[in-house]
file run.cif (mmCIF, C-alpha atoms)
data_data
#
loop_
_atom_site.label_atom_id
_atom_site.label_comp_id
_atom_site.auth_asym_id
_atom_site.auth_seq_id
_atom_site.Cartn_x
_atom_site.Cartn_y
_atom_site.Cartn_z
CA MET A 231 -33.65 2.14 34.22
CA SER A 232 -36.81 0.12 33.61
CA ASN A 233 -39.48 -0.31 36.27
CA PHE A 234 -39.23 -4.04 36.95
CA ARG A 235 -41.57 -5.93 39.27
CA LEU A 236 -41.75 -9.54 40.41
CA HIS A 237 -44.90 -11.64 40.48
CA THR A 238 -45.13 -15.06 42.14
CA PHE A 239 -47.73 -17.38 40.60
CA HIS A 240 -49.39 -19.98 42.81
CA LYS A 241 -52.16 -20.95 40.36
CA PRO A 242 -50.88 -22.70 37.22
CA GLU A 243 -53.66 -21.35 35.02
CA GLU A 244 -52.62 -17.78 35.82
CA TYR A 245 -49.05 -18.45 34.71
CA VAL A 246 -50.34 -20.01 31.48
CA GLY A 247 -52.31 -16.86 30.76
CA ALA A 248 -49.32 -14.67 31.57
CA CYS A 249 -47.13 -16.49 29.03
CA ALA A 250 -49.58 -16.31 26.13
CA ALA A 251 -48.12 -13.12 24.64
CA SER A 252 -44.53 -14.40 25.03
CA ASP A 253 -45.05 -17.83 23.50
CA ASP A 254 -41.99 -18.36 21.30
CA SER A 255 -39.20 -20.92 20.93
CA PHE A 256 -36.94 -19.23 23.48
CA MET A 257 -39.73 -19.69 26.05
CA ASN A 258 -40.63 -23.22 24.95
CA TYR A 259 -38.63 -25.00 27.64
CA PRO A 260 -40.17 -23.27 30.70
CA PHE A 261 -43.62 -22.76 29.19
CA GLY A 262 -43.84 -26.08 27.34
CA THR A 263 -42.56 -28.12 30.28
CA PHE A 264 -45.09 -26.34 32.48
CA LEU A 265 -47.93 -27.23 30.09
CA ASP A 266 -46.69 -30.84 29.91
CA SER A 267 -47.16 -31.08 33.66
CA LEU A 268 -50.82 -30.08 33.32
CA HIS A 269 -51.70 -32.51 30.53
CA PRO A 270 -53.97 -35.42 31.54
CA THR A 271 -52.43 -38.75 30.60
CA SER A 272 -55.03 -41.36 31.59
CA GLY A 273 -53.26 -42.31 34.80
CA SER A 274 -49.82 -43.01 33.35
CA GLY A 275 -48.29 -40.03 35.11
CA HIS A 276 -47.13 -36.69 33.79
CA LEU A 277 -43.83 -36.14 32.02
CA CYS A 278 -42.94 -33.76 34.86
CA GLU A 279 -44.54 -32.35 38.00
CA LEU A 280 -44.73 -28.86 39.46
CA LEU A 281 -43.66 -27.70 42.90
CA ASP A 282 -45.11 -24.76 44.82
CA PRO A 283 -44.74 -21.99 43.89
CA PRO A 284 -44.78 -23.20 40.29
CA ALA A 285 -43.59 -19.95 38.68
CA LEU A 286 -41.97 -16.56 39.16
CA VAL A 287 -42.09 -13.82 36.51
CA VAL A 288 -40.35 -10.45 36.26
CA TYR A 289 -42.26 -7.81 34.30
CA ASP A 290 -41.40 -4.41 32.89
CA ASP A 291 -44.79 -2.76 33.01
CA LYS A 292 -46.92 -5.44 31.30
CA GLN A 293 -44.12 -7.06 29.31
CA LEU A 294 -42.82 -10.42 30.50
CA ILE A 295 -39.04 -10.06 30.84
CA ILE A 296 -37.99 -13.36 32.42
CA SER A 297 -39.70 -16.47 33.80
CA MET A 298 -38.72 -19.23 36.21
CA THR A 299 -40.76 -22.39 36.69
CA ARG A 300 -40.17 -25.01 39.38
CA MET A 301 -40.26 -28.71 38.51
CA SER A 302 -39.88 -31.85 40.60
CA ASP A 303 -39.00 -34.50 38.00
CA PRO A 304 -36.14 -33.80 37.78
CA ALA A 305 -35.97 -31.29 40.63
CA GLN A 306 -34.90 -28.01 39.07
CA TRP A 307 -35.82 -24.45 38.25
CA VAL A 308 -36.32 -23.68 34.55
CA LEU A 309 -35.30 -20.22 33.37
CA GLY A 310 -36.66 -18.60 30.20
CA ILE A 311 -36.58 -15.24 28.45
CA PRO A 312 -38.53 -14.32 25.29
CA ARG A 313 -36.53 -14.08 22.08
CA GLY A 314 -34.66 -10.81 21.67
CA VAL A 315 -35.32 -9.51 25.20
CA GLU A 316 -31.90 -10.31 26.65
CA GLU A 317 -30.19 -8.33 23.88
CA GLU A 318 -32.28 -5.27 24.77
CA LEU A 319 -31.29 -5.30 28.46
CA SER A 320 -28.28 -3.43 29.79
CA ALA A 321 -25.91 -5.12 32.24
CA GLU A 322 -27.46 -3.04 35.02
CA GLU A 323 -30.95 -4.15 34.04
CA VAL A 324 -29.94 -7.82 33.91
CA SER A 325 -28.53 -7.47 37.42
CA ALA A 326 -31.78 -5.90 38.64
CA VAL A 327 -33.88 -8.68 37.10
CA ILE A 328 -31.69 -11.39 38.62
CA SER A 329 -31.87 -9.71 42.05
CA LEU A 330 -35.67 -9.78 41.89
CA LEU A 331 -35.67 -13.48 41.02
CA ILE A 332 -33.29 -14.26 43.88
CA SER A 333 -35.44 -12.43 46.40
CA GLY A 334 -38.51 -14.18 45.01
CA VAL A 335 -36.97 -17.64 45.34
CA ALA A 336 -35.77 -16.91 48.88
CA SER A 337 -39.18 -15.62 49.91
CA ALA A 338 -41.15 -18.46 48.32
CA ALA A 339 -38.85 -21.44 48.86
CA GLY A 340 -36.38 -20.43 51.60
CA LEU A 341 -32.59 -20.25 51.65
CA LYS A 342 -32.30 -23.90 50.62
CA GLY A 343 -35.06 -23.69 48.01
CA PHE A 344 -32.71 -23.29 45.08
CA ASP A 345 -30.72 -26.33 44.00
CA LYS A 346 -30.47 -26.55 40.23
CA VAL A 347 -31.38 -24.37 37.26
CA ILE A 348 -31.45 -24.85 33.49
CA GLY A 349 -31.74 -22.09 30.92
CA PRO A 350 -29.79 -19.57 28.83
CA SER A 351 -26.16 -19.91 29.90
CA SER A 352 -25.42 -16.26 30.63
CA LEU A 353 -28.52 -15.87 32.78
CA VAL A 354 -27.96 -19.19 34.54
CA ASP A 355 -24.46 -18.06 35.50
CA ALA A 356 -25.70 -14.69 36.75
CA LEU A 357 -28.47 -16.32 38.78
CA VAL A 358 -26.26 -18.98 40.41
CA GLU A 359 -23.49 -16.54 41.27
CA GLY A 360 -26.03 -14.08 42.65
CA TRP A 361 -27.72 -16.81 44.71
CA VAL A 362 -24.45 -17.96 46.25
CA ALA A 363 -23.63 -14.37 47.28
CA TYR A 364 -27.15 -13.83 48.66
CA ALA A 365 -27.22 -17.09 50.65
CA ASN A 366 -23.77 -16.51 52.12
CA GLU A 367 -24.71 -12.97 53.13
CA HIS A 368 -27.73 -14.40 54.97
CA GLY A 369 -25.73 -17.01 56.89
CA GLN A 370 -26.29 -20.03 54.64
CA ALA A 371 -23.04 -21.51 53.34
CA VAL A 372 -23.37 -22.69 49.75
CA LYS A 373 -21.07 -23.39 46.84
CA ALA A 374 -21.77 -23.53 43.12
CA PHE A 375 -20.74 -26.26 40.71
CA ASN A 376 -19.43 -25.56 37.23
CA PRO A 377 -21.90 -25.50 34.32
CA SER A 378 -22.89 -28.87 32.84
CA SER A 379 -24.98 -30.21 29.94
CA PRO A 380 -23.99 -27.45 27.49
CA SER A 381 -26.18 -27.30 24.41
CA ARG A 382 -27.64 -25.01 21.80
CA ARG A 383 -31.38 -24.48 21.49
CA SER A 384 -32.75 -23.53 18.11
CA TYR A 385 -35.92 -23.64 16.04
CA ALA A 386 -37.31 -23.93 12.52
CA THR A 387 -40.18 -22.07 10.83
CA ARG A 388 -42.07 -22.41 7.57
CA ALA A 389 -39.71 -19.83 6.08
CA SER A 390 -36.56 -21.70 7.13
CA VAL A 391 -37.36 -25.31 6.19
CA PRO A 392 -36.13 -26.51 2.80
CA PRO A 393 -38.46 -27.72 0.04
CA PRO A 394 -39.79 -31.23 0.60
CA SER A 395 -37.62 -34.10 -0.49
CA PRO A 396 -38.93 -37.65 -0.48
CA ALA A 397 -37.45 -39.94 2.12
CA PRO A 398 -35.52 -42.89 0.74
CA SER A 399 -38.03 -45.43 -0.51
CA HIS A 400 -36.88 -48.09 1.95
CA LEU A 401 -37.77 -45.89 4.95
CA LYS A 402 -41.25 -45.85 6.42
CA ILE A 403 -41.99 -43.03 8.90
CA GLU A 404 -45.21 -43.21 10.90
CA ARG A 405 -46.69 -42.38 14.28
CA LEU A 406 -46.33 -44.92 17.11
CA THR A 407 -49.84 -46.21 17.86
CA THR A 408 -49.68 -49.72 19.31
CA ASN A 409 -48.46 -51.31 22.53
CA GLU A 410 -46.63 -53.91 20.45
CA ASP A 411 -44.57 -51.23 18.71
CA ALA A 412 -44.03 -49.46 22.03
CA GLU A 413 -42.52 -52.66 23.46
CA ALA A 414 -40.26 -52.93 20.41
CA LEU A 415 -39.21 -49.30 20.87
CA LEU A 416 -38.29 -49.67 24.57
CA PRO A 417 -34.68 -50.88 23.98
CA LEU A 418 -33.99 -47.92 21.67
CA MET A 419 -35.39 -45.45 24.19
CA LEU A 420 -33.32 -46.99 26.98
CA ASP A 421 -30.23 -46.70 24.77
CA PHE A 422 -31.04 -43.05 24.08
CA PHE A 423 -31.01 -42.14 27.77
CA ILE A 424 -27.89 -44.20 28.50
CA GLU A 425 -25.96 -42.69 25.57
CA GLY A 426 -27.01 -39.26 26.75
CA SER A 427 -25.02 -39.79 29.97
CA GLN A 428 -28.11 -39.55 32.15
CA PRO A 429 -27.56 -42.39 34.64
CA THR A 430 -30.60 -41.40 36.70
CA LEU A 431 -32.81 -41.94 33.65
CA ASP A 432 -31.67 -45.39 32.50
CA ASP A 433 -34.02 -47.19 34.87
CA GLU A 434 -36.33 -49.34 32.76
CA GLU A 435 -39.49 -48.55 34.73
CA TYR A 436 -38.84 -44.82 34.45
CA VAL A 437 -38.44 -45.11 30.68
CA ARG A 438 -41.52 -47.34 30.42
CA ARG A 439 -43.55 -44.67 32.21
CA ARG A 440 -42.35 -41.98 29.83
CA LEU A 441 -43.04 -44.23 26.86
CA ARG A 442 -46.62 -44.84 28.03
CA VAL A 443 -47.18 -41.10 28.28
CA PHE A 444 -45.70 -40.48 24.83
CA LEU A 445 -47.86 -43.26 23.39
CA GLU A 446 -51.07 -41.88 24.91
CA LEU A 447 -50.22 -38.39 23.68
CA GLY A 448 -49.46 -39.70 20.19
CA SER A 449 -46.13 -37.90 20.25
CA ILE A 450 -43.65 -40.54 19.03
CA TRP A 451 -42.74 -41.10 15.38
CA ILE A 452 -40.91 -44.26 14.32
CA CYS A 453 -38.88 -45.27 11.30
CA ARG A 454 -38.88 -48.79 9.90
CA ILE A 455 -36.72 -50.55 7.36
CA ASP A 456 -38.20 -53.79 6.01
CA GLY A 457 -40.52 -53.86 9.02
CA GLN A 458 -37.74 -53.43 11.57
CA LEU A 459 -37.98 -50.45 13.94
CA VAL A 460 -34.63 -48.66 13.58
CA GLY A 461 -35.19 -45.12 14.89
CA TYR A 462 -37.61 -42.76 16.54
CA SER A 463 -38.36 -39.14 17.31
CA ALA A 464 -40.41 -37.90 20.25
CA VAL A 465 -42.09 -34.51 20.44
CA GLY A 466 -43.43 -32.62 23.43
CA ARG A 467 -43.56 -29.28 25.23
CA VAL A 468 -46.58 -28.29 23.15
CA THR A 469 -47.63 -24.66 23.49
CA PRO A 470 -50.17 -22.75 21.40
CA ARG A 471 -47.43 -21.59 18.97
CA THR A 472 -44.55 -24.05 19.43
CA VAL A 473 -43.65 -27.69 19.87
CA ALA A 474 -40.29 -29.31 20.63
CA ILE A 475 -38.52 -32.30 19.14
CA ARG A 476 -37.35 -33.90 22.37
CA ASN A 477 -35.49 -36.99 21.13
CA VAL A 478 -34.07 -38.21 17.83
CA TYR A 479 -32.40 -41.59 18.04
CA VAL A 480 -31.26 -44.21 15.53
CA ALA A 481 -30.02 -47.70 16.34
CA PRO A 482 -26.20 -47.84 16.08
CA SER A 483 -26.48 -50.58 13.43
CA HIS A 484 -28.41 -48.24 11.11
CA ARG A 485 -26.59 -44.91 11.50
CA ARG A 486 -25.13 -42.83 8.65
CA ARG A 487 -27.99 -43.84 6.37
CA GLY A 488 -30.00 -40.59 6.49
CA ILE A 489 -32.53 -41.89 9.01
CA ALA A 490 -32.10 -39.14 11.62
CA GLU A 491 -32.38 -36.43 8.98
CA ALA A 492 -35.43 -38.06 7.38
CA LEU A 493 -37.16 -38.30 10.78
CA THR A 494 -36.30 -34.69 11.66
CA ARG A 495 -37.47 -33.33 8.30
CA ALA A 496 -40.72 -35.33 8.43
CA VAL A 497 -41.62 -34.37 12.00
CA THR A 498 -40.67 -30.71 11.47
CA ARG A 499 -42.77 -30.39 8.32
CA PHE A 500 -45.71 -32.22 9.89
CA TYR A 501 -45.97 -29.93 12.92
CA LEU A 502 -45.50 -26.81 10.81
CA GLY A 503 -48.58 -27.91 8.87
CA LEU A 504 -46.61 -28.64 5.69
CA GLY A 505 -46.94 -32.42 5.72
CA PHE A 506 -44.60 -35.05 4.29
CA GLU A 507 -44.95 -38.00 1.99
CA GLY A 508 -47.05 -40.60 3.78
CA ALA A 509 -48.07 -38.24 6.64
CA PRO A 510 -51.53 -38.46 8.24
CA SER A 511 -53.87 -36.42 6.06
CA ASP A 512 -55.64 -34.69 8.94
CA GLY A 513 -52.51 -32.87 10.22
CA PRO A 514 -51.43 -32.42 13.85
CA ALA A 515 -54.14 -32.90 16.47
CA GLU A 516 -52.52 -30.02 18.38
CA GLY A 517 -52.85 -27.73 15.37
CA ALA A 518 -50.06 -26.53 13.10
CA LYS A 519 -47.34 -24.60 14.94
CA ASP A 520 -45.36 -21.51 13.98
CA GLU A 521 -42.05 -22.77 15.37
CA ILE A 522 -40.50 -26.20 15.99
CA CYS A 523 -37.84 -26.26 18.73
CA LEU A 524 -34.81 -28.46 19.17
CA ASN A 525 -31.98 -28.88 21.68
CA VAL A 526 -28.59 -29.87 20.22
CA SER A 527 -25.96 -31.16 22.64
CA ARG A 528 -23.53 -32.72 20.14
CA GLU A 529 -21.72 -30.55 17.63
CA GLU A 530 -21.24 -33.40 15.18
CA VAL A 531 -25.00 -33.71 14.53
CA GLU A 532 -25.68 -29.99 14.04
CA ARG A 533 -25.34 -30.32 10.27
CA ILE A 534 -28.34 -32.67 10.21
CA TYR A 535 -30.56 -30.11 11.89
CA LYS A 536 -29.24 -27.21 9.81
CA ARG A 537 -30.16 -29.13 6.63
CA ALA A 538 -33.64 -29.65 8.08
CA GLY A 539 -34.10 -25.87 8.49
CA PHE A 540 -33.10 -25.20 12.10
CA LEU A 541 -31.59 -21.75 12.60
CA LEU A 542 -28.31 -22.69 14.25
CA ASP A 543 -25.85 -19.84 13.59
CA GLN A 544 -28.58 -17.90 11.78
CA ALA A 545 -31.16 -15.19 12.39
CA ASP A 546 -34.87 -15.73 11.89
CA PRO A 547 -35.58 -14.92 8.21
CA ASP A 548 -38.87 -13.26 9.11
CA THR A 549 -37.91 -11.19 12.17
CA GLY A 550 -34.11 -10.91 12.07
CA LYS A 551 -33.99 -12.00 15.71
CA PRO A 552 -31.56 -14.69 16.95
CA GLY A 553 -32.32 -18.22 15.81
CA TRP A 554 -30.56 -19.97 18.68
CA PHE A 555 -29.06 -19.57 22.15
CA ARG A 556 -26.66 -21.42 24.42
CA SER A 557 -28.16 -23.38 27.31
CA SER A 558 -26.60 -25.03 30.36
CA VAL A 559 -27.36 -26.48 33.78
CA ARG A 560 -25.84 -25.39 37.09
CA SER A 561 -26.43 -26.62 40.60
CA VAL A 562 -25.40 -25.64 44.11
CA GLN A 563 -24.54 -27.53 47.30
CA TYR A 564 -25.35 -26.38 50.83
CA THR A 565 -22.81 -26.95 53.59
#

call {"tool": "encode", "arguments": {"input": "run.cif", "output": "structure tokens"}}
result
Amino acid sequence: MSNFRLHTFHKPEEYVGACAASDDSFMNYPFGTFLDSLHPTSGSGHLCELLDPPALVVYDDKQLIISMTRMSDPAQWVLGIPRGVEEELSAEEVSAVISLLISGVASAAGLKGFDKVIGPSSLVDALVEGWVAYANEHGQAVKAFNPSSPSRRSYATRASVPPPSPAPSHLKIERLTTNEDAEALLPLMLDFFIEGSQPTLDDEEYVRRRLRVFLELGSIWICRIDGQLVGYSAVGRVTPRTVAIRNVYVAPSHRRRGIAEALTRAVTRFYLGLGFEGAPSDGPAEGAKDEICLNVSREEVERIYKRAGFLLDQADPDTGKPGWFRSSVRSVQYT
């Protein structure tokens, strides 16, 4: 049995330092979202905000085994485990790690301090079921809801992306840089959130705020046809080694024309430092990354991302480690 220990971080910069050696695509959601919350955005507001304590980490000696960060927008805990670690843990060790996290949450946030969690599905289930048992044992009635928002998280590397292929000549892919283009993009971004069945996110002011942040960070790429803006891709969750494609959306009137795939290929190659036809010559301001992450919630679009080099159903060609994992959201209700 390993010698696990729990550490509660109250200073964000200490958690950032703790994650440096575990910075991979499987940790991009907790670590990248955490870093997003610390990024200055000239007064437009962060993409998310931290609560106190912002993070819990379970170690085995000096190795980070599992991480939980606490966000307020939306209110949830974010669970992450470095690539390959879960496969190395026995069932008994997973139980021990989850027990430490539960005691840490209870100590730091109280018996009603756990409401929703997102992360690897198997660990999310273990954590929620363990929390319900713990809370009930301590006199707090609580019930768990079934998993929601199932998806698969994957990534691409320089070794997995296909050779460059020019985008169709009628497509122009470029970075969003002007307020005029941002205003033209707003209806597409609103449609993206509404189509994604996120009714709490379809408020226009909320989307405007996110769009302002994306614009100031230079993290939206748009596609035009004959001058008309027909699709976009937004990136975020930037860490020293990874970055995530957060949104890919094409106007319904222009679907099935290769636009989503062209956007995905271009953005993936750009942030891996490989460039694409018509890309800015100076490369990413954040520096080229080793891995580009993606969350896929619809099975019918997986083929697009596989063709762009994402390792859905595959192992990493360099390390042999898993190229994807299942993710879900679960919440609880106190009675």

call {"tool": "atom_distance", "arguments": {"input": "run.cif", "atom1": "CA of Ser463 in chain A", "atom2": "CA of Met419 in chain A"}}
result
9.8 Å

call {"tool": "resolve_selection", "arguments": {"input": "run.cif", "expression": "the PyMOL selection byres ((chain A and resi 399-412) around 12)", "output": "PyMOL selection string"}}
result
chain A and resi 395-398+413-419+437-465+484+487-497+500+506-510+513-514

call {"tool": "atom_distance", "arguments": {"input": "run.cif", "atom1": "CA of Arg499 in chain A", "atom2": "CA of Tyr479 in chain A"}}
result
18.1 Å

call {"tool": "closest_residue", "arguments": {"input": "run.cif", "among": "A:Pro377, A:Gln370, A:Arg485, A:Ser329", "to": "Leu357 in chain A", "atoms": "only C-alpha atoms"}}
result
A:Ser329

call {"tool": "closest_residue", "arguments": {"input": "run.cif", "among": "A:Val468, A:Ile295, A:Ala374, A:Cys523", "to": "Ser267 in chain A", "atoms": "all atoms listed in the file"}}
result
A:Val468

call {"tool": "residues_around", "arguments": {"input": "run.cif", "residues": "range 308-314 of chain A", "least_positions_apart": "4", "cutoff": "7 Å", "atoms": "all atoms listed in the file", "output": "JSON, numbers by chain"}}
result
{"A": [252, 254, 256, 257, 260, 295, 296, 297, 298, 299, 300, 318, 347, 348, 349, 551, 552]}

call {"tool": "atom_distance", "arguments": {"input": "run.cif", "atom1": "CA of Ser378 in chain A", "atom2": "CA of Ser558 in chain A"}}
result
5.9 Å

call {"tool": "residues_around", "arguments": {"input": "run.cif", "residues": "range 524-529 of chain A", "least_positions_apart": "2", "cutoff": "10 Å", "atoms": "only C-alpha atoms", "output": "count of residues only"}}
result
35

call {"tool": "closest_residue", "arguments": {"input": "run.cif", "among": "A:Val358, A:Ala538, A:Ala338, A:Ala321", "to": "Val372 in chain A", "atoms": "all atoms listed in the file"}}
result
A:Val358

call {"tool": "closest_residue", "arguments": {"input": "run.cif", "among": "A:Asp548, A:Thr469, A:Gly340, A:Val391", "to": "Leu268 in chain A", "atoms": "all atoms listed in the file"}}
result
A:Thr469

call {"tool": "closest_residue", "arguments": {"input": "run.cif", "among": "A:Leu420, A:Ala389, A:Asp433, A:Ser561", "to": "Leu504 in chain A", "atoms": "only C-alpha atoms"}}
result
A:Ala389

call {"tool": "closest_residue", "arguments": {"input": "run.cif", "among": "A:Ala356, A:Ala305, A:Ile534, A:Ala371", "to": "Phe344 in chain A", "atoms": "all atoms listed in the file"}}
result
A:Ala305

call {"tool": "resolve_selection", "arguments": {"input": "run.cif", "expression": "the PyMOL selection byres ((chain A and resi 282-288) around 8)", "output": "list in words"}}
result
Phe234, Arg235, Leu236, His237, Thr238, Phe239, His240, Lys241, Pro242, Tyr245, Leu280, Leu281, Tyr289, Asp290, Leu294, Ile295, Ile296, Ser297, Met298, Thr299, Arg300, Met301, Val327, Leu330, Leu331, Gly334, Ala338 and Ala339 of chain A

call {"tool": "residues_near_point", "arguments": {"input": "run.cif", "point": "(-27.5, -30.4, 43.6)", "cutoff": "6 Å", "atoms": "all atoms listed in the file", "output": "PyMOL selection string"}}
result
chain A and resi 345-346+561-563

call {"tool": "resolve_selection", "arguments": {"input": "run.cif", "expression": "the PyMOL selection byres ((chain A and resi 470) around 10)", "output": "list in words"}}
result
Ala250, Asp253, Asp254, Gly262, Val468, Thr469, Arg471, Thr472, Val473, Glu516, Gly517, Ala518, Lys519 and Asp520 of chain A
